[in-house]
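*Asks:* Take this structure first; my questions come after.
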Amino acid sequence: MTDPITRTGLRPRFWERVPLKKMTQPEWEALCDGCGKCCLNKLEDADTGEVVFTRIACKLLDDETCRCAHYQVRKTIVPECVVLTPGNIADIAYWMPLSCAYRRLYEGRKLADWHPLVSGRADSVHEAGVSVQGWTLPEIEVPVEDWEDHVIDEEL
């Protein structure tokens, strides 16, 4: 017997019971908390592999909604955009923010209380202060050589 699907196309509390690789596409997409942190440009130390976040956002990030302005065609516009999938999360998880639902579940942690799936409210990520809403800089306005001047504490 399969799990019941609600009118949203999501099984009840699927994130607690369904392995990442067995989630439906709507369930996978619903894991995104809408924080926008994955759309921040990162710097990776070639020697140590350490990844730091900057407040420099991808040109497609909508700073108010914290969502990609052209999500369905983002790879066409930004070829270097990384599309996270159950098949590549093992290779990419280190690059995702610590608060990211995909990373949390991959690492065996629970979703945060502020996650929209837990709270039932899309704005809870912004209310908790864990999104990038209102404080990013567009990458087209900051030269790459200046990105180091905009490194942030990842948990902001």
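Residues in the structure tokens are named by chain (A, B, ... in the order shown) and by number from 1 within that chain; ligands are numbered from 1 in the order shown.
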Which polymer residues have any atom within 10 Å of an atom of segment 101-117 of chain A, counting only C-alpha atoms, with same-chain residues fewer than 4 positions away left out, as an MDAnalysis selection string?

*Replies:* chainID A and resid 12:16 19:20 28:35 84:86 89:90 92:97 121:130

*Asks:* Just want the 10 Å neighbourhood of segment 135-145 of chain A, counted on only C-alpha atoms, with same-chain residues fewer than 5 positions away dropped. Output as a ChimeraX atom specification.

*Replies:* /A:36-37,40-41,54-64,66,150

*Asks:* What does the file look like for those residues with N, CA and C atoms, as a compact mmCIF listing (two decimals), in the first residue's frame?

*Replies:*
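Okay, this is what ended up in out16.txt:
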# COMPACT_ATOMS: atom_id res chain seq x y z
N GLY A 36 17.06 31.19 0.16
CA GLY A 36 17.86 31.86 -0.85
C GLY A 36 19.36 31.71 -0.66
N LYS A 37 19.80 31.05 0.39
CA LYS A 37 21.23 30.94 0.67
C LYS A 37 21.98 30.16 -0.41
N LEU A 40 23.52 32.32 -3.06
CA LEU A 40 24.63 33.22 -2.74
C LEU A 40 25.89 32.65 -3.37
N ASN A 41 26.73 33.53 -3.88
CA ASN A 41 28.01 33.07 -4.41
C ASN A 41 28.90 32.68 -3.26
N THR A 54 29.20 34.44 0.56
CA THR A 54 29.26 35.90 0.42
C THR A 54 27.83 36.42 0.37
N ARG A 55 27.67 37.71 0.50
CA ARG A 55 26.33 38.29 0.36
C ARG A 55 26.04 38.65 -1.10
N ILE A 56 26.90 38.19 -1.99
CA ILE A 56 26.74 38.43 -3.42
C ILE A 56 25.82 37.35 -3.99
N ALA A 57 24.68 37.78 -4.49
CA ALA A 57 23.66 36.83 -4.97
C ALA A 57 23.72 36.63 -6.48
N CYS A 58 23.33 35.45 -6.89
CA CYS A 58 23.15 35.16 -8.31
C CYS A 58 22.23 36.21 -8.91
N LYS A 59 22.49 36.53 -10.15
CA LYS A 59 21.69 37.56 -10.82
C LYS A 59 20.21 37.19 -10.94
N LEU A 60 19.88 35.91 -10.76
CA LEU A 60 18.48 35.49 -10.87
C LEU A 60 17.73 35.50 -9.54
N LEU A 61 18.44 35.72 -8.44
CA LEU A 61 17.76 35.70 -7.14
C LEU A 61 16.90 36.95 -6.96
N ASP A 62 15.64 36.74 -6.62
CA ASP A 62 14.74 37.83 -6.24
C ASP A 62 14.98 38.07 -4.76
N ASP A 63 15.56 39.20 -4.42
CA ASP A 63 15.97 39.52 -3.05
C ASP A 63 14.80 39.63 -2.08
N GLU A 64 13.61 39.86 -2.56
CA GLU A 64 12.45 39.97 -1.66
C GLU A 64 11.79 38.62 -1.40
N CYS A 66 13.29 35.67 -2.14
CA CYS A 66 14.37 34.69 -1.92
C CYS A 66 14.20 33.46 -2.80
N HIS A 150 33.00 40.60 0.95
CA HIS A 150 31.58 40.42 1.29
C HIS A 150 31.29 39.05 1.88

*Asks:* Return the single residue from A:Val151, A:Val52, A:Met23, A:Cys39 that is closest to Val132 of chain A, with distances computed using only C-alpha atoms.

*Replies:*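 Of the candidates, the smallest distance to Val132 of chain A is held by A:Cys39.
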
*Asks:* Residues of chain A in strand (DSSP E or B) according to DSSP, as a ChimeraX atom specification?

*Replies:* /A:40-44,51-57,61-62,67-68,137-138,151-152

*Asks:* Restrict the selected residues to N, CA and C atoms and save them as a JSON list (two decimals), in the first residue's frame.

*Replies:*
[["chain", "number", "residue", "atom", "x", "y", "z"],
["A", 40, "LEU", "N", 23.52, 32.32, -3.06],
["A", 40, "LEU", "CA", 24.63, 33.22, -2.74],
["A", 40, "LEU", "C", 25.89, 32.65, -3.37],
["A", 41, "ASN", "N", 26.73, 33.53, -3.88],
["A", 41, "ASN", "CA", 28.01, 33.07, -4.41],
["A", 41, "ASN", "C", 28.90, 32.68, -3.26],
["A", 42, "LYS", "N", 29.63, 31.61, -3.48],
["A", 42, "LYS", "CA", 30.51, 31.07, -2.45],
["A", 42, "LYS", "C", 31.93, 31.09, -2.96],
["A", 43, "LEU", "N", 32.86, 31.11, -2.02],
["A", 43, "LEU", "CA", 34.27, 31.01, -2.35],
["A", 43, "LEU", "C", 34.79, 29.74, -1.72],
["A", 44, "GLU", "N", 35.55, 28.97, -2.48],
["A", 44, "GLU", "CA", 36.09, 27.72, -1.97],
["A", 44, "GLU", "C", 37.62, 27.77, -2.03],
["A", 51, "VAL", "N", 34.55, 26.22, 2.33],
["A", 51, "VAL", "CA", 33.60, 27.02, 1.57],
["A", 51, "VAL", "C", 33.08, 28.13, 2.47],
["A", 52, "VAL", "N", 33.12, 29.37, 1.95],
["A", 52, "VAL", "CA", 32.55, 30.50, 2.68],
["A", 52, "VAL", "C", 31.50, 31.16, 1.80],
["A", 53, "PHE", "N", 30.49, 31.69, 2.43],
["A", 53, "PHE", "CA", 29.40, 32.35, 1.72],
["A", 53, "PHE", "C", 29.67, 33.85, 1.64],
["A", 54, "THR", "N", 29.20, 34.44, 0.56],
["A", 54, "THR", "CA", 29.26, 35.90, 0.42],
["A", 54, "THR", "C", 27.83, 36.42, 0.37],
["A", 55, "ARG", "N", 27.67, 37.71, 0.50],
["A", 55, "ARG", "CA", 26.33, 38.29, 0.36],
["A", 55, "ARG", "C", 26.04, 38.65, -1.10],
["A", 56, "ILE", "N", 26.90, 38.19, -1.99],
["A", 56, "ILE", "CA", 26.74, 38.43, -3.42],
["A", 56, "ILE", "C", 25.82, 37.35, -3.99],
["A", 57, "ALA", "N", 24.68, 37.78, -4.49],
["A", 57, "ALA", "CA", 23.66, 36.83, -4.97],
["A", 57, "ALA", "C", 23.72, 36.63, -6.48],
["A", 61, "LEU", "N", 18.44, 35.72, -8.44],
["A", 61, "LEU", "CA", 17.76, 35.70, -7.14],
["A", 61, "LEU", "C", 16.90, 36.95, -6.96],
["A", 62, "ASP", "N", 15.64, 36.74, -6.62],
["A", 62, "ASP", "CA", 14.74, 37.83, -6.24],
["A", 62, "ASP", "C", 14.98, 38.07, -4.76],
["A", 67, "ARG", "N", 13.64, 33.66, -3.95],
["A", 67, "ARG", "CA", 13.44, 32.59, -4.93],
["A", 67, "ARG", "C", 14.09, 32.98, -6.25],
["A", 68, "CYS", "N", 14.38, 31.99, -7.05],
["A", 68, "CYS", "CA", 14.94, 32.23, -8.37],
["A", 68, "CYS", "C", 13.85, 32.83, -9.26],
["A", 137, "LEU", "N", 23.60, 41.51, -2.35],
["A", 137, "LEU", "CA", 24.08, 42.40, -3.40],
["A", 137, "LEU", "C", 24.09, 41.61, -4.70],
["A", 138, "PRO", "N", 23.60, 42.20, -5.79],
["A", 138, "PRO", "CA", 23.58, 41.47, -7.07],
["A", 138, "PRO", "C", 25.00, 41.28, -7.61],
["A", 151, "VAL", "N", 32.31, 38.41, 2.48],
["A", 151, "VAL", "CA", 32.11, 37.12, 3.13],
["A", 151, "VAL", "C", 31.23, 37.33, 4.35],
["A", 152, "ILE", "N", 30.31, 36.40, 4.57],
["A", 152, "ILE", "CA", 29.37, 36.50, 5.69],
["A", 152, "ILE", "C", 29.48, 35.26, 6.58]]

*Asks:* Where in segment 1-65 of chain A does DSSP assign alpha helix (DSSP H), given as a list of chain:residue names?

*Replies:*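 Here are the alpha helix (DSSP H) residues of segment 1-65 of chain A: A:Phe14, A:Trp15, A:Glu16, A:Arg17, A:Gln25, A:Pro26, A:Glu27, A:Trp28, A:Glu29, A:Ala30.
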